[in-house]
Amino acid sequence: ARLRRVREIERLRIRIASDLHDDIGSTLTRITMHSQQIEGSGDSGRIRDAAGKIGELSRNVISTMSDVVWSIDARNDKLGDLLARMQDFSHNTLSDNNIQVQFNHDGIDRDLKIPPQLRQNVYYIFKEAVNNALKYSGADLLKIDLQNGSRFLLRIKDNGKGFDPEASYRGNGLKNIRMRAGQIAAELSIDGSEGTEIVLKMNAL
């Protein structure tokens with residue numbers, strides 16, 4: 001058991017290092033590029049645009065760092081902690097953009113401890129799905145179901161315009177969702193025929 005725990009922590013460290021390099025590294029590079037545009041431009045319109053993009057990218061970095069710190073903090077190792085963060089993120093993100101959220105959960109033992117890798121991947125899948133709904137769906141309602149009965153289930157469905165799962169503009173986000181589902185040996189289905197529905201299933205926690 002101790003060896004398994006050591007290996008789990010090592011895998012988490014490697015994954016966090018990769019996330020930091022990919023997400024924060026690329027974002028800081030873009031911030032640098034926009035800063036250089038400001039330095040070399042006398043066009044007030046371009047300066048305003050670049051400054052706005054720097055602000056947006058900086059907020060993204062702060063959000064990413066918050067997620068990383070949360071994911072490795074041992075004080076957040078219970079299922080109730082995951083549920084609370086998911087509820088906070090969905091309501092804070094969508095309510096400010098006039099999208100109603102219906103968040104239902106069943107069979108959730110808030111004191112149940114879950115492995116860091118599982119907690120991190122489920123949350124990142126959830127966050128990517130919510131962000132996609134915000135950016136692309138045109139929806140005004142998002143329904144979220146979280147269950148832990150005979151199986152664990154996470155369903156995120158909006159009432160928007162739907163989409164082609166192979167469309168390039170969502171390619172990276174869906175690729176990340178599929179990759180993270182594979183890392184926790186979960187079944188994943190994505191349906192964009194009537195609104196968008198993303199369903200994650202795995203063995204009960």
# chains A, B, ... in the order shown; residues from 1 in each chain; ligands from 1
$ residues_around --residues "Arg30 of chain A" --least-positions-apart "2" --cutoff "12 Å" --atoms "only C-alpha atoms" --output "PyMOL selection string"
chain A and resi 23-28+32-37+50-51+53-58+60-61
$ write_last_selection --atoms "N, CA and C atoms" --output "compact mmCIF listing (two decimals), in the first residue's frame"
# COMPACT_ATOMS: atom_id res chain seq x y z
N ASP A 23 0.03 24.68 -19.85
CA ASP A 23 -0.97 25.72 -19.68
C ASP A 23 -0.36 27.06 -19.31
N ILE A 24 0.38 27.08 -18.22
CA ILE A 24 0.90 28.36 -17.74
C ILE A 24 2.06 28.84 -18.62
N GLY A 25 2.91 27.91 -19.06
CA GLY A 25 4.02 28.30 -19.92
C GLY A 25 3.56 28.96 -21.21
N SER A 26 2.57 28.35 -21.87
CA SER A 26 2.08 28.92 -23.12
C SER A 26 1.36 30.24 -22.90
N THR A 27 0.63 30.35 -21.78
CA THR A 27 -0.08 31.59 -21.49
C THR A 27 0.89 32.73 -21.20
N LEU A 28 1.94 32.46 -20.44
CA LEU A 28 2.93 33.50 -20.16
C LEU A 28 3.64 33.94 -21.43
N THR A 32 3.74 37.79 -22.87
CA THR A 32 4.96 38.46 -23.30
C THR A 32 4.81 39.05 -24.69
N MET A 33 4.18 38.31 -25.60
CA MET A 33 3.97 38.80 -26.96
C MET A 33 3.10 40.05 -26.97
N HIS A 34 2.02 40.03 -26.19
CA HIS A 34 1.14 41.21 -26.15
C HIS A 34 1.85 42.40 -25.49
N SER A 35 2.69 42.13 -24.51
CA SER A 35 3.46 43.20 -23.88
C SER A 35 4.40 43.85 -24.89
N GLN A 36 5.01 43.04 -25.74
CA GLN A 36 5.91 43.57 -26.76
C GLN A 36 5.15 44.41 -27.78
N GLN A 37 3.89 44.01 -28.06
CA GLN A 37 3.08 44.81 -28.98
C GLN A 37 2.81 46.20 -28.41
N ALA A 50 -4.39 44.90 -26.72
CA ALA A 50 -3.34 44.07 -26.13
C ALA A 50 -3.44 44.06 -24.61
N ALA A 51 -3.73 45.21 -24.03
CA ALA A 51 -3.87 45.28 -22.57
C ALA A 51 -5.04 44.43 -22.10
N LYS A 53 -6.20 41.75 -23.58
CA LYS A 53 -5.81 40.34 -23.70
C LYS A 53 -4.85 39.93 -22.58
N ILE A 54 -3.96 40.83 -22.19
CA ILE A 54 -3.05 40.54 -21.07
C ILE A 54 -3.85 40.32 -19.80
N GLY A 55 -4.85 41.15 -19.56
CA GLY A 55 -5.70 40.98 -18.39
C GLY A 55 -6.42 39.65 -18.39
N GLU A 56 -6.97 39.27 -19.53
CA GLU A 56 -7.68 37.99 -19.64
C GLU A 56 -6.74 36.81 -19.41
N LEU A 57 -5.58 36.85 -20.04
CA LEU A 57 -4.62 35.77 -19.90
C LEU A 57 -4.10 35.68 -18.46
N SER A 58 -3.92 36.82 -17.83
CA SER A 58 -3.45 36.82 -16.43
C SER A 58 -4.49 36.16 -15.53
N ASN A 60 -6.54 33.88 -16.43
CA ASN A 60 -6.49 32.45 -16.72
C ASN A 60 -5.35 31.77 -15.96
N VAL A 61 -4.21 32.45 -15.88
CA VAL A 61 -3.08 31.90 -15.13
C VAL A 61 -3.43 31.75 -13.65
$ residues_around --residues "Asp111 of chain A" --least-positions-apart "4" --cutoff "7 Å" --atoms "only C-alpha atoms" --output "ChimeraX atom specification"
/A:78-80
$ closest_atom_pairs --of "segment 20-135 of chain A" --to "segment 194-205 of chain A" --cutoff "8 Å" --atoms "only C-alpha atoms" --output "JSON lines"
{"residue": "A:Ile114", "atom": "CA", "partner": "A:Leu205", "partner_atom": "CA", "distance": 7.3}
{"residue": "A:Ala129", "atom": "CA", "partner": "A:Ile198", "partner_atom": "CA", "distance": 7.4}
{"residue": "A:Ala133", "atom": "CA", "partner": "A:Thr196", "partner_atom": "CA", "distance": 7.8}
$ select_by_dssp --residues "segment 121-179 of chain A" --states "strand (DSSP E or B)" --output "tab-separated table (two decimals) with all heavy atoms, in the first residue's frame"
chain	number	residue	atom	x	y	z
A	141	LEU	N	-29.39	27.21	-20.31
A	141	LEU	CA	-29.60	26.25	-19.22
A	141	LEU	C	-28.56	25.14	-19.30
A	141	LEU	O	-28.33	24.56	-20.37
A	141	LEU	CB	-31.00	25.62	-19.31
A	141	LEU	CG	-31.32	24.50	-18.31
A	141	LEU	CD1	-31.29	25.03	-16.87
A	141	LEU	CD2	-32.67	23.86	-18.62
A	142	LEU	N	-27.94	24.84	-18.16
A	142	LEU	CA	-27.00	23.74	-18.07
A	142	LEU	C	-27.43	22.84	-16.91
A	142	LEU	O	-27.60	23.31	-15.79
A	142	LEU	CB	-25.58	24.26	-17.83
A	142	LEU	CG	-24.47	23.20	-17.89
A	142	LEU	CD1	-24.25	22.74	-19.32
A	142	LEU	CD2	-23.16	23.73	-17.31
A	143	LYS	N	-27.62	21.56	-17.21
A	143	LYS	CA	-28.00	20.59	-16.19
A	143	LYS	C	-26.79	19.71	-15.86
A	143	LYS	O	-26.16	19.16	-16.76
A	143	LYS	CB	-29.16	19.72	-16.68
A	143	LYS	CG	-30.45	20.48	-16.91
A	143	LYS	CD	-31.57	19.54	-17.34
A	143	LYS	CE	-32.88	20.29	-17.52
A	143	LYS	NZ	-33.98	19.37	-17.94
A	144	ILE	N	-26.52	19.58	-14.57
A	144	ILE	CA	-25.38	18.79	-14.11
A	144	ILE	C	-25.90	17.74	-13.14
A	144	ILE	O	-26.62	18.06	-12.19
A	144	ILE	CB	-24.34	19.68	-13.40
A	144	ILE	CG1	-23.85	20.78	-14.35
A	144	ILE	CG2	-23.17	18.84	-12.89
A	144	ILE	CD1	-23.12	21.91	-13.65
A	145	ASP	N	-25.55	16.49	-13.39
A	145	ASP	CA	-25.92	15.39	-12.50
A	145	ASP	C	-24.66	14.69	-12.04
A	145	ASP	O	-23.81	14.30	-12.85
A	145	ASP	CB	-26.82	14.38	-13.22
A	145	ASP	CG	-28.19	14.96	-13.55
A	145	ASP	OD1	-28.89	15.36	-12.61
A	145	ASP	OD2	-28.54	15.02	-14.74
A	146	LEU	N	-24.54	14.51	-10.73
A	146	LEU	CA	-23.41	13.80	-10.14
A	146	LEU	C	-23.97	12.69	-9.25
A	146	LEU	O	-24.73	12.97	-8.33
A	146	LEU	CB	-22.55	14.76	-9.33
A	146	LEU	CG	-21.26	14.20	-8.73
A	146	LEU	CD1	-20.28	13.82	-9.84
A	146	LEU	CD2	-20.62	15.19	-7.78
A	147	GLN	N	-23.62	11.44	-9.56
A	147	GLN	CA	-24.15	10.30	-8.82
A	147	GLN	C	-23.02	9.35	-8.45
A	147	GLN	O	-22.06	9.19	-9.20
A	147	GLN	CB	-25.19	9.54	-9.66
A	147	GLN	CG	-26.36	10.37	-10.12
A	147	GLN	CD	-27.28	9.60	-11.07
A	147	GLN	OE1	-27.25	8.36	-11.12
A	147	GLN	NE2	-28.08	10.33	-11.83
A	148	ASN	N	-23.18	8.72	-7.29
A	148	ASN	CA	-22.23	7.69	-6.88
A	148	ASN	C	-23.02	6.57	-6.20
A	148	ASN	O	-23.03	6.44	-4.98
A	148	ASN	CB	-21.19	8.27	-5.91
A	148	ASN	CG	-20.05	7.29	-5.66
A	148	ASN	OD1	-19.60	6.60	-6.58
A	148	ASN	ND2	-19.59	7.23	-4.43
A	151	ARG	N	-22.66	2.86	-9.75
A	151	ARG	CA	-21.54	3.39	-10.53
A	151	ARG	C	-21.43	4.88	-10.27
A	151	ARG	O	-22.38	5.52	-9.81
A	151	ARG	CB	-21.74	3.14	-12.03
A	151	ARG	CG	-21.90	1.68	-12.43
A	151	ARG	CD	-21.66	1.51	-13.92
A	151	ARG	NE	-20.25	1.61	-14.24
A	151	ARG	CZ	-19.78	1.70	-15.50
A	151	ARG	NH1	-20.61	1.72	-16.52
A	151	ARG	NH2	-18.49	1.78	-15.73
A	152	PHE	N	-20.27	5.43	-10.59
A	152	PHE	CA	-20.09	6.87	-10.53
A	152	PHE	C	-20.47	7.46	-11.88
A	152	PHE	O	-20.06	6.95	-12.93
A	152	PHE	CB	-18.63	7.21	-10.21
A	152	PHE	CG	-18.33	8.68	-10.22
A	152	PHE	CD1	-18.48	9.43	-9.07
A	152	PHE	CD2	-17.90	9.32	-11.37
A	152	PHE	CE1	-18.21	10.80	-9.06
A	152	PHE	CE2	-17.62	10.68	-11.38
A	152	PHE	CZ	-17.78	11.42	-10.22
A	153	LEU	N	-21.25	8.53	-11.85
A	153	LEU	CA	-21.70	9.15	-13.09
A	153	LEU	C	-21.64	10.67	-12.98
A	153	LEU	O	-22.07	11.24	-11.97
A	153	LEU	CB	-23.12	8.71	-13.44
A	153	LEU	CG	-23.74	9.32	-14.71
A	153	LEU	CD1	-24.60	8.29	-15.44
A	153	LEU	CD2	-24.60	10.55	-14.37
A	154	LEU	N	-21.12	11.29	-14.01
A	154	LEU	CA	-21.15	12.75	-14.14
A	154	LEU	C	-21.74	13.06	-15.51
A	154	LEU	O	-21.21	12.63	-16.54
A	154	LEU	CB	-19.74	13.34	-14.04
A	154	LEU	CG	-19.60	14.83	-14.35
A	154	LEU	CD1	-20.40	15.68	-13.37
A	154	LEU	CD2	-18.13	15.25	-14.36
A	155	ARG	N	-22.85	13.79	-15.51
A	155	ARG	CA	-23.50	14.17	-16.76
A	155	ARG	C	-23.63	15.69	-16.81
A	155	ARG	O	-24.10	16.31	-15.86
A	155	ARG	CB	-24.88	13.53	-16.89
A	155	ARG	CG	-25.62	13.96	-18.17
A	155	ARG	CD	-27.05	13.43	-18.23
A	155	ARG	NE	-27.07	11.99	-18.43
A	155	ARG	CZ	-27.48	11.12	-17.51
A	155	ARG	NH1	-27.87	11.55	-16.31
A	155	ARG	NH2	-27.49	9.83	-17.77
A	156	ILE	N	-23.20	16.28	-17.93
A	156	ILE	CA	-23.29	17.72	-18.14
A	156	ILE	C	-24.01	17.93	-19.46
A	156	ILE	O	-23.50	17.54	-20.52
A	156	ILE	CB	-21.89	18.37	-18.18
A	156	ILE	CG1	-21.13	18.04	-16.89
A	156	ILE	CG2	-21.99	19.87	-18.35
A	156	ILE	CD1	-19.68	17.81	-17.09
A	157	LYS	N	-25.19	18.55	-19.42
A	157	LYS	CA	-26.00	18.72	-20.63
A	157	LYS	C	-26.53	20.14	-20.71
A	157	LYS	O	-27.06	20.66	-19.73
A	157	LYS	CB	-27.17	17.73	-20.64
A	157	LYS	CG	-28.05	17.84	-21.88
A	157	LYS	CD	-29.09	16.75	-21.94
A	157	LYS	CE	-30.02	16.93	-23.14
A	157	LYS	NZ	-29.29	16.99	-24.42
A	158	ASP	N	-26.39	20.75	-21.89
A	158	ASP	CA	-26.95	22.09	-22.10
A	158	ASP	C	-28.06	22.04	-23.14
A	158	ASP	O	-28.24	21.03	-23.83
A	158	ASP	CB	-25.84	23.07	-22.52
A	158	ASP	CG	-25.23	22.77	-23.88
A	158	ASP	OD1	-25.99	22.65	-24.87
A	158	ASP	OD2	-23.99	22.64	-23.98
$ select_by_dssp --residues "segment 33-141 of chain A" --states "alpha helix (DSSP H)" --output "NGL selection string"
:A and (33-39 or 44-72 or 79-95 or 116-132)
$ residues_around --residues "segment 86-96 of chain A" --least-positions-apart "4" --cutoff "7 Å" --atoms "only C-alpha atoms" --output "PDB file with C-alpha atoms, in the first residue's frame"
ATOM      1  CA  LEU A  82     -14.869  18.005  -5.095  1.00  0.00           C
ATOM      2  CA  GLN A 100     -29.148  28.923 -15.442  1.00  0.00           C
ATOM      3  CA  VAL A 101     -27.538  26.004 -13.616  1.00  0.00           C
ATOM      4  CA  TYR A 123     -12.696  18.246 -11.895  1.00  0.00           C
ATOM      5  CA  VAL A 130     -18.639  23.925 -18.430  1.00  0.00           C
ATOM      6  CA  LEU A 134     -20.180  28.943 -21.924  1.00  0.00           C
TER       7      LEU A 134
END
$ residues_around --residues "Ile16 of chain A" --least-positions-apart "6" --cutoff "12 Å" --atoms "only C-alpha atoms" --output "PDB file with N, CA, C and O atoms, in the first residue's frame"
ATOM      1  N   ILE A   9       1.679   9.397  -5.947  1.00  0.00           N
ATOM      2  CA  ILE A   9       2.168  10.752  -5.745  1.00  0.00           C
ATOM      3  C   ILE A   9       3.142  11.153  -6.846  1.00  0.00           C
ATOM      4  O   ILE A   9       3.116  12.277  -7.358  1.00  0.00           O
ATOM      5  N   GLU A  10       3.995  10.211  -7.255  1.00  0.00           N
ATOM      6  CA  GLU A  10       4.956  10.498  -8.314  1.00  0.00           C
ATOM      7  C   GLU A  10       4.247  10.785  -9.634  1.00  0.00           C
ATOM      8  O   GLU A  10       4.613  11.725 -10.358  1.00  0.00           O
ATOM      9  N   ASP A  22       2.502  23.186 -19.933  1.00  0.00           N
ATOM     10  CA  ASP A  22       1.651  23.367 -21.105  1.00  0.00           C
ATOM     11  C   ASP A  22       0.737  24.578 -20.959  1.00  0.00           C
ATOM     12  O   ASP A  22       0.660  25.416 -21.865  1.00  0.00           O
ATOM     13  N   ASP A  23       0.033  24.678 -19.849  1.00  0.00           N
ATOM     14  CA  ASP A  23      -0.973  25.723 -19.685  1.00  0.00           C
ATOM     15  C   ASP A  23      -0.360  27.065 -19.312  1.00  0.00           C
ATOM     16  O   ASP A  23      -0.554  28.060 -20.007  1.00  0.00           O
ATOM     17  N   ILE A  24       0.377  27.082 -18.223  1.00  0.00           N
ATOM     18  CA  ILE A  24       0.904  28.360 -17.740  1.00  0.00           C
ATOM     19  C   ILE A  24       2.057  28.836 -18.624  1.00  0.00           C
ATOM     20  O   ILE A  24       2.159  30.022 -18.930  1.00  0.00           O
ATOM     21  N   THR A  64      -5.694  28.777 -13.248  1.00  0.00           N
ATOM     22  CA  THR A  64      -4.961  27.525 -13.389  1.00  0.00           C
ATOM     23  C   THR A  64      -4.142  27.221 -12.140  1.00  0.00           C
ATOM     24  O   THR A  64      -4.129  26.085 -11.648  1.00  0.00           O
ATOM     25  N   MET A  65      -3.469  28.232 -11.614  1.00  0.00           N
ATOM     26  CA  MET A  65      -2.684  28.032 -10.399  1.00  0.00           C
ATOM     27  C   MET A  65      -3.582  27.645  -9.225  1.00  0.00           C
ATOM     28  O   MET A  65      -3.232  26.776  -8.416  1.00  0.00           O
ATOM     29  N   ASP A  67      -6.359  25.980  -9.404  1.00  0.00           N
ATOM     30  CA  ASP A  67      -6.754  24.588  -9.609  1.00  0.00           C
ATOM     31  C   ASP A  67      -5.633  23.629  -9.221  1.00  0.00           C
ATOM     32  O   ASP A  67      -5.875  22.581  -8.607  1.00  0.00           O
ATOM     33  N   VAL A  68      -4.406  23.970  -9.588  1.00  0.00           N
ATOM     34  CA  VAL A  68      -3.268  23.112  -9.271  1.00  0.00           C
ATOM     35  C   VAL A  68      -3.073  23.014  -7.761  1.00  0.00           C
ATOM     36  O   VAL A  68      -2.891  21.920  -7.208  1.00  0.00           O
ATOM     37  N   VAL A  69      -3.117  24.154  -7.080  1.00  0.00           N
ATOM     38  CA  VAL A  69      -2.941  24.157  -5.630  1.00  0.00           C
ATOM     39  C   VAL A  69      -4.053  23.355  -4.964  1.00  0.00           C
ATOM     40  O   VAL A  69      -3.806  22.547  -4.055  1.00  0.00           O
ATOM     41  N   TRP A  70      -5.275  23.536  -5.422  1.00  0.00           N
ATOM     42  CA  TRP A  70      -6.402  22.787  -4.866  1.00  0.00           C
ATOM     43  C   TRP A  70      -6.222  21.283  -5.069  1.00  0.00           C
ATOM     44  O   TRP A  70      -6.483  20.483  -4.181  1.00  0.00           O
ATOM     45  N   SER A  71      -5.750  20.910  -6.251  1.00  0.00           N
ATOM     46  CA  SER A  71      -5.667  19.485  -6.593  1.00  0.00           C
ATOM     47  C   SER A  71      -4.625  18.736  -5.769  1.00  0.00           C
ATOM     48  O   SER A  71      -4.732  17.525  -5.580  1.00  0.00           O
ATOM     49  N   ILE A  72      -3.611  19.445  -5.265  1.00  0.00           N
ATOM     50  CA  ILE A  72      -2.556  18.754  -4.511  1.00  0.00           C
ATOM     51  C   ILE A  72      -2.675  18.965  -3.005  1.00  0.00           C
ATOM     52  O   ILE A  72      -1.890  18.401  -2.249  1.00  0.00           O
ATOM     53  N   PRO A 116      -5.976  11.709  -5.279  1.00  0.00           N
ATOM     54  CA  PRO A 116      -5.726  13.003  -5.935  1.00  0.00           C
ATOM     55  C   PRO A 116      -5.859  12.945  -7.450  1.00  0.00           C
ATOM     56  O   PRO A 116      -6.399  13.864  -8.063  1.00  0.00           O
ATOM     57  N   GLN A 117      -5.361  11.862  -8.075  1.00  0.00           N
ATOM     58  CA  GLN A 117      -5.430  11.754  -9.531  1.00  0.00           C
ATOM     59  C   GLN A 117      -6.875  11.744 -10.001  1.00  0.00           C
ATOM     60  O   GLN A 117      -7.232  12.413 -10.981  1.00  0.00           O
ATOM     61  N   GLN A 120      -8.510  15.267  -9.406  1.00  0.00           N
ATOM     62  CA  GLN A 120      -8.037  16.264 -10.355  1.00  0.00           C
ATOM     63  C   GLN A 120      -8.642  16.062 -11.734  1.00  0.00           C
ATOM     64  O   GLN A 120      -9.136  17.004 -12.368  1.00  0.00           O
ATOM     65  N   ASN A 121      -8.638  14.822 -12.212  1.00  0.00           N
ATOM     66  CA  ASN A 121      -9.119  14.574 -13.575  1.00  0.00           C
ATOM     67  C   ASN A 121     -10.619  14.776 -13.709  1.00  0.00           C
ATOM     68  O   ASN A 121     -11.091  15.334 -14.703  1.00  0.00           O
TER      69      ASN A 121
END
$ closest_residue --among "A:Asn97, A:Gln102, A:Gln183, A:Ser193" --to "Leu12 of chain A" --atoms "only C-alpha atoms"
A:Gln183
$ closest_residue --among "A:Gly138, A:Pro115, A:Gly173, A:Gly182" --to "Lys161 of chain A" --atoms "only C-alpha atoms"
A:Gly138
$ residues_around --residues "Ile125 of chain A" --least-positions-apart "3" --cutoff "8 Å" --atoms "only C-alpha atoms" --output "list in words"
Asn121, Val122, Glu128, Ala129, Asn176, Ile177, Arg180 and Ala181 of chain A
